[in-house]
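Reading through the structure tokens given below for one structure.
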Amino acid sequence: MIVIDSASPVPPFEQLRAQLARQIQERTLAVGTRLPTIRRLAADLGLAVNTVGRAYRELEEAGLIETRGAAGSFVSAAGEQGRERARRAAAEYAAVIAEFGIDTAEAVRIVQAALTRVSPRPAEHRS
């Protein structure tokens with residue numbers, strides 16, 4: 001369920017984008033799920049069509065959804081592929097850490113430092 005707080009200082013398009021991104025990442029919206037049309041969602045939420053369109057464009061740029069012309073917008077598999085790649089990289093990293101006898105606390109610090117250097121975006125993992 002999407003809820004837009006009109007009293008929030010966060011713009012409506014960002015509230016919508018963040019909530020959809022969270023639902024996709026939490027798999028509440030599964031890969032392949034067809035999203036409502038922009039016009040339909042705008043009407044349901046009482047938002048301007050351009051507001052919903054902007055949220056969808058940002059989700060598409062982040063690889064979370066894909067638009068298939070007249071068929072509509074769907075939850076993309078790209079997000080799941082990214083998770084799988086991260087799992088493989090983590091397993092490889094864990095093997096290197098074990099090989100060199102680095103303790104868990106230090107291994108975590110190394111990862112945190114690396115994440116800081118790439119300056120990730122907020123929790124929605126926007127790309």
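Please note that chains go A, B, ... in the order of the structure tokens, that every chain numbers its residues from 1, and that ligands are numbered from 1 in the order shown.
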
Any chance you could tabulate, as a tab-separated table, the residues of segment 15-121 of chain A at most 12 Å from segment 6-10 of chain A with each one's nearest atom pair and distance in Å to one decimal, using only C-alpha atoms, in chain and rising number order?
```
residue	atom	partner	partner_atom	distance
A:Gln15	CA	A:Val10	CA	6.5
A:Leu16	CA	A:Val10	CA	10.0
A:Arg17	CA	A:Val10	CA	11.0
A:Ala18	CA	A:Val10	CA	10.4
A:Leu45	CA	A:Ser6	CA	10.8
A:Gly46	CA	A:Ser6	CA	10.3
A:Leu47	CA	A:Ser6	CA	10.1
```

As an mmCIF file with all heavy atoms, in the first residue's frame, please: the residues near segment 20-35 of chain A (cut-off 6 Å, only C-alpha atoms, same-chain neighbours under 4 positions excluded).
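File out_0.cif, as written:
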```cif
data_model
loop_
_atom_site.group_PDB
_atom_site.id
_atom_site.type_symbol
_atom_site.label_atom_id
_atom_site.label_comp_id
_atom_site.auth_asym_id
_atom_site.auth_seq_id
_atom_site.Cartn_x
_atom_site.Cartn_y
_atom_site.Cartn_z
ATOM 1 N N SER A 73 4.528 -1.026 -17.263
ATOM 2 C CA SER A 73 5.757 -1.056 -16.455
ATOM 3 C C SER A 73 5.725 -2.266 -15.530
ATOM 4 O O SER A 73 4.692 -2.568 -14.932
ATOM 5 C CB SER A 73 5.889 0.229 -15.641
ATOM 6 O OG SER A 73 6.001 1.341 -16.499
ATOM 7 N N PHE A 74 6.883 -2.907 -15.400
ATOM 8 C CA PHE A 74 6.997 -4.137 -14.630
ATOM 9 C C PHE A 74 8.207 -4.078 -13.708
ATOM 10 O O PHE A 74 9.199 -3.423 -14.022
ATOM 11 C CB PHE A 74 7.167 -5.338 -15.577
ATOM 12 C CG PHE A 74 5.999 -5.560 -16.478
ATOM 13 C CD1 PHE A 74 5.843 -4.816 -17.643
ATOM 14 C CD2 PHE A 74 5.034 -6.504 -16.164
ATOM 15 C CE1 PHE A 74 4.760 -5.004 -18.482
ATOM 16 C CE2 PHE A 74 3.941 -6.710 -17.000
ATOM 17 C CZ PHE A 74 3.801 -5.950 -18.165
ATOM 18 N N VAL A 75 8.142 -4.819 -12.605
ATOM 19 C CA VAL A 75 9.286 -4.931 -11.718
ATOM 20 C C VAL A 75 10.366 -5.701 -12.472
ATOM 21 O O VAL A 75 10.117 -6.768 -13.031
ATOM 22 C CB VAL A 75 8.918 -5.657 -10.409
ATOM 23 C CG1 VAL A 75 10.157 -5.885 -9.544
ATOM 24 C CG2 VAL A 75 7.869 -4.858 -9.634
ATOM 25 N N SER A 76 11.557 -5.122 -12.508
ATOM 26 C CA SER A 76 12.669 -5.657 -13.277
ATOM 27 C C SER A 76 13.412 -6.750 -12.519
ATOM 28 O O SER A 76 13.490 -6.732 -11.295
ATOM 29 C CB SER A 76 13.633 -4.517 -13.602
ATOM 30 O OG SER A 76 14.816 -5.003 -14.163
ATOM 31 N N ALA A 77 14.003 -7.652 -13.268
ATOM 32 C CA ALA A 77 14.858 -8.686 -12.675
ATOM 33 C C ALA A 77 16.239 -8.146 -12.352
ATOM 34 O O ALA A 77 17.012 -8.784 -11.649
ATOM 35 C CB ALA A 77 14.979 -9.880 -13.614
ATOM 36 N N GLU A 124 17.413 2.989 -0.363
ATOM 37 C CA GLU A 124 16.726 2.410 -1.485
ATOM 38 C C GLU A 124 17.703 1.908 -2.535
ATOM 39 O O GLU A 124 17.309 1.342 -3.523
ATOM 40 C CB GLU A 124 15.757 3.419 -2.137
ATOM 41 C CG GLU A 124 14.548 3.670 -1.294
ATOM 42 C CD GLU A 124 14.806 4.648 -0.172
ATOM 43 O OE1 GLU A 124 15.690 5.499 -0.308
ATOM 44 O OE2 GLU A 124 14.114 4.560 0.843
#
```

For this session: Give the helix (DSSP H, G or I) residues of segment 4-117 of chain A, as DSSP finds them on the backbone, and put them as a PyMOL selection string.
Result: chain A and resi 12-25+38-45+49-61+69-71+78-100+104-117

The selected residues should be written to file as a PDB file, in the first residue's frame (atoms: C-alpha atoms).
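The result, written out as result21.pdb:
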```
ATOM      1  CA  PRO A  12       5.294  13.347  -3.389  1.00  0.00           C
ATOM      2  CA  PHE A  13       7.277  11.835  -6.291  1.00  0.00           C
ATOM      3  CA  GLU A  14      10.078  10.927  -3.848  1.00  0.00           C
ATOM      4  CA  GLN A  15       7.645   9.447  -1.328  1.00  0.00           C
ATOM      5  CA  LEU A  16       6.188   7.301  -4.101  1.00  0.00           C
ATOM      6  CA  ARG A  17       9.600   6.342  -5.518  1.00  0.00           C
ATOM      7  CA  ALA A  18      10.951   5.382  -2.097  1.00  0.00           C
ATOM      8  CA  GLN A  19       7.911   3.301  -1.172  1.00  0.00           C
ATOM      9  CA  LEU A  20       7.899   1.413  -4.462  1.00  0.00           C
ATOM     10  CA  ALA A  21      11.674   0.859  -4.262  1.00  0.00           C
ATOM     11  CA  ARG A  22      11.289  -0.525  -0.737  1.00  0.00           C
ATOM     12  CA  GLN A  23       8.491  -2.868  -1.823  1.00  0.00           C
ATOM     13  CA  ILE A  24      10.620  -4.114  -4.725  1.00  0.00           C
ATOM     14  CA  GLN A  25      13.691  -4.618  -2.555  1.00  0.00           C
ATOM     15  CA  ILE A  38       0.843   6.093 -14.499  1.00  0.00           C
ATOM     16  CA  ARG A  39      -2.616   7.586 -15.006  1.00  0.00           C
ATOM     17  CA  ARG A  40      -4.313   4.950 -12.856  1.00  0.00           C
ATOM     18  CA  LEU A  41      -1.847   5.308  -9.964  1.00  0.00           C
ATOM     19  CA  ALA A  42      -2.029   9.103 -10.172  1.00  0.00           C
ATOM     20  CA  ALA A  43      -5.815   8.943  -9.927  1.00  0.00           C
ATOM     21  CA  ASP A  44      -5.718   6.401  -7.068  1.00  0.00           C
ATOM     22  CA  LEU A  45      -3.259   8.522  -5.057  1.00  0.00           C
ATOM     23  CA  VAL A  49       0.303  12.320 -13.760  1.00  0.00           C
ATOM     24  CA  ASN A  50       3.721  14.005 -14.086  1.00  0.00           C
ATOM     25  CA  THR A  51       4.463  13.272 -10.407  1.00  0.00           C
ATOM     26  CA  VAL A  52       3.895   9.545 -10.859  1.00  0.00           C
ATOM     27  CA  GLY A  53       5.712   9.633 -14.196  1.00  0.00           C
ATOM     28  CA  ARG A  54       8.785  11.118 -12.538  1.00  0.00           C
ATOM     29  CA  ALA A  55       8.783   8.426  -9.826  1.00  0.00           C
ATOM     30  CA  TYR A  56       8.499   5.696 -12.482  1.00  0.00           C
ATOM     31  CA  ARG A  57      11.325   7.254 -14.560  1.00  0.00           C
ATOM     32  CA  GLU A  58      13.621   7.329 -11.521  1.00  0.00           C
ATOM     33  CA  LEU A  59      12.775   3.715 -10.688  1.00  0.00           C
ATOM     34  CA  GLU A  60      13.522   2.767 -14.282  1.00  0.00           C
ATOM     35  CA  GLU A  61      16.849   4.646 -14.222  1.00  0.00           C
ATOM     36  CA  GLY A  69       5.877   0.145 -24.324  1.00  0.00           C
ATOM     37  CA  ALA A  70       2.105  -0.226 -24.389  1.00  0.00           C
ATOM     38  CA  ALA A  71       2.344  -3.364 -22.229  1.00  0.00           C
ATOM     39  CA  ALA A  78      17.907  -6.396 -12.655  1.00  0.00           C
ATOM     40  CA  GLY A  79      17.577  -5.752  -8.914  1.00  0.00           C
ATOM     41  CA  GLU A  80      17.599  -9.483  -8.189  1.00  0.00           C
ATOM     42  CA  GLN A  81      20.608  -9.993 -10.452  1.00  0.00           C
ATOM     43  CA  GLY A  82      22.433  -7.291  -8.513  1.00  0.00           C
ATOM     44  CA  ARG A  83      21.680  -9.050  -5.222  1.00  0.00           C
ATOM     45  CA  GLU A  84      22.993 -12.332  -6.581  1.00  0.00           C
ATOM     46  CA  ARG A  85      26.183 -10.650  -7.779  1.00  0.00           C
ATOM     47  CA  ALA A  86      26.625  -9.092  -4.328  1.00  0.00           C
ATOM     48  CA  ARG A  87      26.126 -12.513  -2.673  1.00  0.00           C
ATOM     49  CA  ARG A  88      28.825 -14.042  -4.894  1.00  0.00           C
ATOM     50  CA  ALA A  89      31.201 -11.141  -4.181  1.00  0.00           C
ATOM     51  CA  ALA A  90      30.559 -11.497  -0.436  1.00  0.00           C
ATOM     52  CA  ALA A  91      31.310 -15.227  -0.547  1.00  0.00           C
ATOM     53  CA  GLU A  92      34.537 -14.567  -2.435  1.00  0.00           C
ATOM     54  CA  TYR A  93      35.494 -11.836   0.062  1.00  0.00           C
ATOM     55  CA  ALA A  94      34.787 -14.169   2.981  1.00  0.00           C
ATOM     56  CA  ALA A  95      37.097 -16.779   1.443  1.00  0.00           C
ATOM     57  CA  VAL A  96      39.908 -14.197   1.079  1.00  0.00           C
ATOM     58  CA  ILE A  97      39.421 -13.031   4.676  1.00  0.00           C
ATOM     59  CA  ALA A  98      39.596 -16.618   5.932  1.00  0.00           C
ATOM     60  CA  GLU A  99      42.670 -17.354   3.801  1.00  0.00           C
ATOM     61  CA  PHE A 100      44.582 -14.446   5.340  1.00  0.00           C
ATOM     62  CA  THR A 104      35.445 -10.604  11.440  1.00  0.00           C
ATOM     63  CA  ALA A 105      35.534  -7.148  13.061  1.00  0.00           C
ATOM     64  CA  GLU A 106      38.398  -6.041  10.830  1.00  0.00           C
ATOM     65  CA  ALA A 107      36.746  -7.558   7.753  1.00  0.00           C
ATOM     66  CA  VAL A 108      33.592  -5.552   8.486  1.00  0.00           C
ATOM     67  CA  ARG A 109      35.648  -2.359   8.938  1.00  0.00           C
ATOM     68  CA  ILE A 110      37.273  -2.967   5.561  1.00  0.00           C
ATOM     69  CA  VAL A 111      33.861  -3.321   3.915  1.00  0.00           C
ATOM     70  CA  GLN A 112      32.526  -0.206   5.660  1.00  0.00           C
ATOM     71  CA  ALA A 113      35.521   1.804   4.475  1.00  0.00           C
ATOM     72  CA  ALA A 114      35.031   0.554   0.920  1.00  0.00           C
ATOM     73  CA  LEU A 115      31.329   1.428   1.002  1.00  0.00           C
ATOM     74  CA  THR A 116      32.155   4.913   2.278  1.00  0.00           C
ATOM     75  CA  ARG A 117      34.576   5.441  -0.613  1.00  0.00           C
TER      76      ARG A 117
END
```

Seminar exercise, completed: Atom pair atom CA of Thr37 of chain A + atom CA of Glu66 of chain A, distance 12.5 Å

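Within segment 6-104 of chain A, residues classed as strand (DSSP E or B) by DSSP on backbone coordinates are Arg34, Ile65, Glu66, Thr67, Ser73, Phe74 and Val75 of chain A.
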